[in-house]
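Student: Got a structure for you, query_8.csv, holding CSV, C-alpha atoms.
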chain,number,residue,atom,x,y,z
A,1,MET,CA,111.8,102.4,128.1
A,2,ILE,CA,110.7,100.7,124.9
A,3,LYS,CA,107.0,101.2,124.0
A,4,ARG,CA,105.5,98.1,122.6
A,5,LYS,CA,103.1,98.3,119.6
A,6,ASN,CA,99.6,97.6,120.8
A,7,PRO,CA,97.3,96.6,117.9
A,8,ALA,CA,94.3,97.0,120.2
A,9,ASN,CA,95.1,100.7,120.5
A,10,SER,CA,95.2,101.3,116.8
A,11,ASP,CA,92.3,101.9,114.4
A,12,ASP,CA,93.5,99.0,112.2
A,13,PHE,CA,92.0,95.8,113.7
A,14,THR,CA,92.3,93.7,110.6
A,15,ALA,CA,95.4,91.9,111.9
A,16,TRP,CA,94.2,91.8,115.5
A,17,ASN,CA,91.3,89.6,116.8
A,18,TYR,CA,90.0,89.6,120.3
A,19,GLU,CA,88.7,86.0,120.2
A,20,ALA,CA,92.0,84.8,118.7
A,21,LYS,CA,94.0,86.5,121.5
A,22,VAL,CA,91.7,84.9,124.1
A,23,ALA,CA,92.2,81.5,122.5
A,24,GLU,CA,95.9,82.0,122.5
A,25,ILE,CA,95.9,82.9,126.2
A,26,GLU,CA,93.9,79.8,126.9
A,27,GLN,CA,96.4,77.7,125.0
A,28,ILE,CA,99.3,79.2,126.9
A,29,ILE,CA,97.5,78.5,130.2
A,30,THR,CA,97.0,74.9,129.2
A,31,ARG,CA,100.7,74.5,128.2
A,32,ILE,CA,101.8,76.0,131.5
A,33,GLU,CA,99.5,73.8,133.5
A,34,THR,CA,100.7,70.6,131.9
A,35,GLY,CA,104.0,71.1,133.7
A,36,ASP,CA,106.0,69.9,130.7
A,37,LEU,CA,107.7,73.3,130.0
A,38,GLU,CA,111.1,74.3,131.2
A,39,LEU,CA,111.0,77.1,133.7
A,40,GLU,CA,112.4,79.6,131.2
A,41,ALA,CA,109.7,78.7,128.7
A,42,VAL,CA,107.0,79.1,131.4
A,43,PHE,CA,108.2,82.7,132.0
A,44,ALA,CA,108.3,83.4,128.3
A,45,GLN,CA,104.8,82.0,127.9
A,46,PHE,CA,103.5,83.9,130.9
A,47,THR,CA,104.9,87.1,129.6
A,48,THR,CA,103.2,86.6,126.3
A,49,ALA,CA,99.9,85.8,128.0
A,50,VAL,CA,100.2,89.0,130.1
A,51,GLU,CA,100.9,91.1,127.0
A,52,ASN,CA,97.8,89.5,125.3
A,53,LEU,CA,95.7,90.2,128.4
A,54,ARG,CA,96.7,93.8,128.3
A,55,GLN,CA,95.8,94.1,124.7
A,56,CYS,CA,92.4,92.5,125.3
A,57,GLU,CA,91.8,94.8,128.3
A,58,ASN,CA,92.7,97.9,126.2
A,59,PHE,CA,90.4,96.7,123.4
A,60,LEU,CA,87.5,96.3,125.8
A,61,GLN,CA,88.1,99.6,127.5
A,62,GLN,CA,88.1,101.4,124.1
A,63,ARG,CA,84.9,99.6,123.2
A,64,GLN,CA,83.3,100.5,126.5
A,65,GLN,CA,84.2,104.2,125.9
A,66,GLN,CA,82.6,104.0,122.5
A,67,VAL,CA,79.4,102.5,123.9
A,68,ASP,CA,79.3,105.1,126.7
A,69,LEU,CA,79.7,107.9,124.1
A,70,LEU,CA,76.9,106.4,122.0
A,71,ILE,CA,74.6,106.2,125.0
A,72,GLU,CA,75.4,109.7,125.9
A,73,THR,CA,74.6,111.0,122.5
A,74,LEU,CA,71.3,109.1,122.6
A,75,ASN,CA,70.4,110.7,125.9
A,76,ASP,CA,71.2,114.2,124.5
A,77,GLU,CA,68.7,113.8,121.7
What does the file become when written as structure tokens?
Tutor:
Amino acid sequence: MIKRKNPANSDDFTAWNYEAKVAEIEQIITRIETGDLELEAVFAQFTTAVENLRQCENFLQQRQQQVDLLIETLNDE
């Protein structure tokens, strides 16, 4: 199985932007909803959207863990 590089999992977020990914997902949804795409293009766009959603989810999970850790350290003081 090929492991895809997930920028949301790395410490280098300079090339990855949450808001940009969300905007891209919204654009994909709009393109799919227009009904103008060939079926193959719909599947390709859907695949891209799912990958972007996974990256966003991983990003948010990491940030939630960081917040939880910060809260825990505050409670320990």
Student: What's the 12 Å shell around Glu19 of chain A, counting only C-alpha atoms, without same-chain residues fewer than 4 positions away, as a list in words?
Tutor: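 Those residues are Ala23, Glu24, Ile25, Glu26, Asn52, Leu53, Gln55, Cys56, Phe59 and Leu60 of chain A.
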Student: Restricting the calculation to only C-alpha atoms, which member of A:Gln61, A:Thr48, A:Thr34, A:Thr73 is positioned closest to Lys21 of chain A?
Tutor: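 Closest to Lys21 of chain A, using only C-alpha atoms: A:Thr48.
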Student: Enter the distance from atom CA of Ile29 of chain A to atom CA of Gln45 of chain A, in Å, rounded to one decimal.
Tutor: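 According to the coordinates, atom CA of Ile29 of chain A and atom CA of Gln45 of chain A are separated by 8.4 Å.
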Student: Go ahead and compute the interatomic distance for atom CA of Asn58 of chain A and atom CA of Leu39 of chain A, in Å to one decimal.
Tutor: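 Separating atom CA of Asn58 of chain A from atom CA of Leu39 of chain A is a distance of 28.7 Å.
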Student: Between A:Glu72, A:Phe46, A:Arg54, A:Gln66, which residue has the minimum interatomic distance to Glu33 of chain A, considering only C-alpha atoms?
Tutor: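 Once distances to Glu33 of chain A are computed over only C-alpha atoms, the minimum belongs to A:Phe46.
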Student: Using Å and a single decimal, report how far atom CA of Tyr18 of chain A sits from atom CA of Phe43 of chain A.
Tutor: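 It comes out at 22.7 Å.
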